[in-house]
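To keep things clear, I will list the structure first and then write my remarks on it.
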Amino acid sequence: MKRKGKLTIAIAAAVLAVLGGTAVFAQDKYSLKSPSGIAFSDFRGYEDWAVVSSARTDEVLKVIVANPTMIEAYKAGVPGNGEPFPDGSRIVKLQWKPKKSTEAPFVVDVPDVFTQAFVIEKDSKIFPKSGGWGYALFNYEAASDKFTVDPTGVSDCGHACHTAVKSKDYIFHPYQKR
């Protein structure tokens, strides 16, 4: 009986060691921080945020999601009512390479490989020079299952690109009707 108990303890210890080792090597994407100071952890839970819109370029399919603060502002009429989004608003553009569906009985592009999370957050105190918005890009490498901070540092590019929609508080995507 003692031998069986020791064997059970040894097996349990081995399993815990393997699981613990896996946890040590798993990436914590929320530990990443962009050169502009935007922390991926500011967007914790983005996987479950409400969809605002979608978009397609020649290179990527995008699903745009926003946190509850921003969704509430959209539903209140921002930015069409002339009001800006409140500080604490956050939006993420989830980007995939497209592929043609081989299953649909019609021609349709579907997401293939996830590539990037382009994040935008409103904090007028931290980002006063860019209309209150901060921008960062986190690249995803499917082979390693890891995110990295984009080395180009889109913190300035994001605002420069978004000046075309200054009257919409620098946000391209309207909240789509449901």
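In the structure tokens, each chain is lettered A, B, ... as it comes, each chain's residues begin at 1, and ligands are numbered from 1 in order of appearance.
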
Residues at most 12 Å from Lys97 in chain A, counting only C-alpha atoms, excluding those fewer than 2 positions away in the same chain, as a ChimeraX atom specification?
/A:56-63,94-95,99-100,109-116,140,142

Grab the residues selected above and save them as a PDB file, in the first residue's frame with C-alpha atoms.
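Result went into part_35.pdb, see below:
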```pdb
ATOM      1  CA  ARG A  56     -11.718  44.457 -45.986  1.00  0.00           C
ATOM      2  CA  THR A  57      -8.609  45.608 -47.782  1.00  0.00           C
ATOM      3  CA  ASP A  58      -6.793  43.704 -50.512  1.00  0.00           C
ATOM      4  CA  GLU A  59      -4.563  42.181 -47.829  1.00  0.00           C
ATOM      5  CA  VAL A  60      -6.734  41.648 -44.735  1.00  0.00           C
ATOM      6  CA  LEU A  61     -10.185  41.012 -43.351  1.00  0.00           C
ATOM      7  CA  LYS A  62     -10.932  43.046 -40.237  1.00  0.00           C
ATOM      8  CA  VAL A  63     -13.444  42.737 -37.453  1.00  0.00           C
ATOM      9  CA  LEU A  94      -8.647  42.139 -35.414  1.00  0.00           C
ATOM     10  CA  GLN A  95      -6.978  41.312 -38.724  1.00  0.00           C
ATOM     11  CA  LYS A  99      -8.880  32.877 -48.116  1.00  0.00           C
ATOM     12  CA  LYS A 100     -11.609  31.607 -50.398  1.00  0.00           C
ATOM     13  CA  ASP A 109     -13.697  35.097 -48.479  1.00  0.00           C
ATOM     14  CA  VAL A 110     -13.284  33.891 -44.908  1.00  0.00           C
ATOM     15  CA  PRO A 111     -10.595  34.539 -42.304  1.00  0.00           C
ATOM     16  CA  ASP A 112      -7.518  32.341 -42.639  1.00  0.00           C
ATOM     17  CA  VAL A 113      -4.472  33.181 -40.522  1.00  0.00           C
ATOM     18  CA  PHE A 114      -4.836  35.742 -37.741  1.00  0.00           C
ATOM     19  CA  THR A 115      -2.124  38.395 -38.191  1.00  0.00           C
ATOM     20  CA  GLN A 116      -2.595  41.482 -36.011  1.00  0.00           C
ATOM     21  CA  TYR A 140       0.652  37.655 -34.221  1.00  0.00           C
ATOM     22  CA  ALA A 142       0.776  31.664 -35.880  1.00  0.00           C
TER      23      ALA A 142
END
```

Residues of range 16-130 of chain A at most 9 Å from range 157-177 of chain A: nearest atom pair and distance in Å, only C-alpha atoms, as a Markdown table:
```
| residue | atom | partner | partner_atom | distance |
| --- | --- | --- | --- | --- |
| A:Val51 | CA | A:Tyr175 | CA | 8.2 |
| A:Val52 | CA | A:Tyr175 | CA | 4.8 |
| A:Ser53 | CA | A:Gln176 | CA | 5.8 |
| A:Ser54 | CA | A:His173 | CA | 8.1 |
| A:Ala55 | CA | A:His173 | CA | 8.6 |
| A:Ile64 | CA | A:His173 | CA | 7.9 |
| A:Ile71 | CA | A:Tyr175 | CA | 8.0 |
| A:Tyr74 | CA | A:Tyr175 | CA | 6.3 |
| A:Lys75 | CA | A:Tyr175 | CA | 8.0 |
| A:Val78 | CA | A:Lys168 | CA | 8.2 |
| A:Pro79 | CA | A:Lys168 | CA | 5.3 |
| A:Gly80 | CA | A:Lys168 | CA | 7.0 |
| A:Gly82 | CA | A:Lys168 | CA | 7.9 |
| A:Glu83 | CA | A:Asp169 | CA | 8.2 |
| A:Pro84 | CA | A:Asp169 | CA | 5.7 |
| A:Phe85 | CA | A:Asp169 | CA | 6.9 |
| A:Ile120 | CA | A:Gly158 | CA | 8.4 |
| A:Ser130 | CA | A:His159 | CA | 5.8 |
```

So that I can see what lies close to Asn139 in chain A, please list as a list in words the residues with an atom at most 9 Å from it, counting only C-alpha atoms and leaving out residues fewer than 2 positions away in the same chain.
Thr115, Gln116, Ala117, Phe118, Leu137, Glu141, Lys146, Phe147, Thr148, Val149 and Asp150 of chain A

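Residues in contact range of Arg90 in chain A, defined as at most 10 Å between only C-alpha atoms, with sequence neighbours fewer than 4 positions away removed, read Asp42, Phe43, Tyr46, Trp49, Val65, Ala66, Asn67, Pro68, Thr69, Met70, Ile71, Phe85, Pro86, Val119, Ile120, Glu121, Lys122, Asp123, Trp133 and Gly134 of chain A.
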
Show me, as an MDAnalysis selection string, the residues that have an atom within 8 Å of Leu32 in chain A when counting only C-alpha atoms, minus same-chain residues fewer than 2 positions from it.
chainID A and resid 28:30 34 39:41 148:149

Could you save those same residues with all heavy atoms as a JSON list (two decimals), in the first residue's frame?
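This is the output file part.json:
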```
[["chain", "number", "residue", "atom", "x", "y", "z"],
["A", 28, "ASP", "N", 2.41, 35.40, -22.12],
["A", 28, "ASP", "CA", 1.40, 36.28, -21.56],
["A", 28, "ASP", "C", 1.36, 37.51, -22.46],
["A", 28, "ASP", "O", 2.14, 38.45, -22.28],
["A", 28, "ASP", "CB", 1.73, 36.67, -20.12],
["A", 28, "ASP", "CG", 0.72, 37.64, -19.54],
["A", 28, "ASP", "OD1", -0.37, 37.81, -20.15],
["A", 28, "ASP", "OD2", 1.01, 38.23, -18.49],
["A", 29, "LYS", "N", 0.46, 37.51, -23.44],
["A", 29, "LYS", "CA", 0.39, 38.62, -24.38],
["A", 29, "LYS", "C", 0.11, 39.93, -23.66],
["A", 29, "LYS", "O", 0.49, 41.00, -24.13],
["A", 29, "LYS", "CB", -0.66, 38.36, -25.46],
["A", 29, "LYS", "CG", -2.09, 38.29, -24.95],
["A", 29, "LYS", "CD", -3.03, 37.90, -26.07],
["A", 29, "LYS", "CE", -4.44, 37.66, -25.54],
["A", 29, "LYS", "NZ", -5.29, 37.08, -26.55],
["A", 30, "TYR", "N", -0.53, 39.84, -22.51],
["A", 30, "TYR", "CA", -0.87, 41.05, -21.77],
["A", 30, "TYR", "C", 0.33, 41.70, -21.08],
["A", 30, "TYR", "O", 0.19, 42.75, -20.48],
["A", 30, "TYR", "CB", -2.00, 40.77, -20.79],
["A", 30, "TYR", "CG", -3.29, 40.44, -21.50],
["A", 30, "TYR", "CD1", -3.95, 39.24, -21.29],
["A", 30, "TYR", "CD2", -3.86, 41.33, -22.42],
["A", 30, "TYR", "CE1", -5.13, 38.94, -21.94],
["A", 30, "TYR", "CE2", -5.03, 41.04, -23.07],
["A", 30, "TYR", "CZ", -5.67, 39.84, -22.84],
["A", 30, "TYR", "OH", -6.84, 39.55, -23.50],
["A", 34, "SER", "N", 3.68, 48.76, -26.06],
["A", 34, "SER", "CA", 4.17, 49.40, -27.28],
["A", 34, "SER", "C", 5.14, 50.52, -26.93],
["A", 34, "SER", "O", 5.17, 51.01, -25.81],
["A", 34, "SER", "CB", 3.00, 49.97, -28.08],
["A", 34, "SER", "OG", 2.52, 51.14, -27.46],
["A", 39, "ALA", "N", -0.27, 49.50, -23.30],
["A", 39, "ALA", "CA", -0.12, 48.13, -22.81],
["A", 39, "ALA", "C", -1.23, 47.26, -23.39],
["A", 39, "ALA", "O", -2.40, 47.67, -23.42],
["A", 39, "ALA", "CB", -0.19, 48.12, -21.28],
["A", 40, "PHE", "N", -0.85, 46.08, -23.85],
["A", 40, "PHE", "CA", -1.85, 45.14, -24.36],
["A", 40, "PHE", "C", -2.85, 44.81, -23.24],
["A", 40, "PHE", "O", -4.02, 44.55, -23.49],
["A", 40, "PHE", "CB", -1.16, 43.87, -24.87],
["A", 40, "PHE", "CG", -1.91, 43.14, -25.96],
["A", 40, "PHE", "CD1", -1.25, 42.19, -26.71],
["A", 40, "PHE", "CD2", -3.24, 43.36, -26.23],
["A", 40, "PHE", "CE1", -1.90, 41.48, -27.72],
["A", 40, "PHE", "CE2", -3.91, 42.66, -27.23],
["A", 40, "PHE", "CZ", -3.24, 41.72, -27.97],
["A", 41, "SER", "N", -2.39, 44.88, -22.00],
["A", 41, "SER", "CA", -3.28, 44.57, -20.87],
["A", 41, "SER", "C", -4.44, 45.56, -20.76],
["A", 41, "SER", "O", -5.47, 45.23, -20.16],
["A", 41, "SER", "CB", -2.49, 44.54, -19.56],
["A", 41, "SER", "OG", -1.90, 45.79, -19.31],
["A", 148, "THR", "N", 3.83, 39.95, -30.78],
["A", 148, "THR", "CA", 4.98, 40.83, -30.58],
["A", 148, "THR", "C", 4.52, 42.26, -30.85],
["A", 148, "THR", "O", 3.54, 42.49, -31.57],
["A", 148, "THR", "CB", 6.14, 40.49, -31.54],
["A", 148, "THR", "OG1", 5.67, 40.57, -32.89],
["A", 148, "THR", "CG2", 6.72, 39.11, -31.27],
["A", 149, "VAL", "N", 5.24, 43.20, -30.28],
["A", 149, "VAL", "CA", 4.95, 44.60, -30.55],
["A", 149, "VAL", "C", 5.48, 44.93, -31.94],
["A", 149, "VAL", "O", 6.61, 44.56, -32.28],
["A", 149, "VAL", "CB", 5.65, 45.50, -29.50],
["A", 149, "VAL", "CG1", 5.44, 46.97, -29.83],
["A", 149, "VAL", "CG2", 5.14, 45.17, -28.11]]
```

Which of chain A counts as strand (DSSP E) under DSSP, as an MDAnalysis selection string please?
chainID A and resid 50:56 61:66 90:100 109:122 133:141 146:149

Using DSSP on the backbone coordinates, identify the residues of range 49-121 of chain A assigned to helix (DSSP H, G or I); present them as a list of chain:residue names.
A:Pro68, A:Thr69, A:Met70, A:Ile71, A:Glu72, A:Ala73, A:Tyr74, A:Lys75

Which one is closest to Ile91 in chain A: A:Ala136, A:Thr152, A:Arg178, A:Ser31? Count only C-alpha atoms.
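Nearest candidate to Ile91 in chain A out of A:Ala136, A:Thr152, A:Arg178, A:Ser31: A:Ala136.
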
Report the distance between CA of Gly132 in chain A and CA of Val92 in chain A in Å, rounded to one decimal place.
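Between CA of Gly132 in chain A and CA of Val92 in chain A the gap works out to 16.1 Å.
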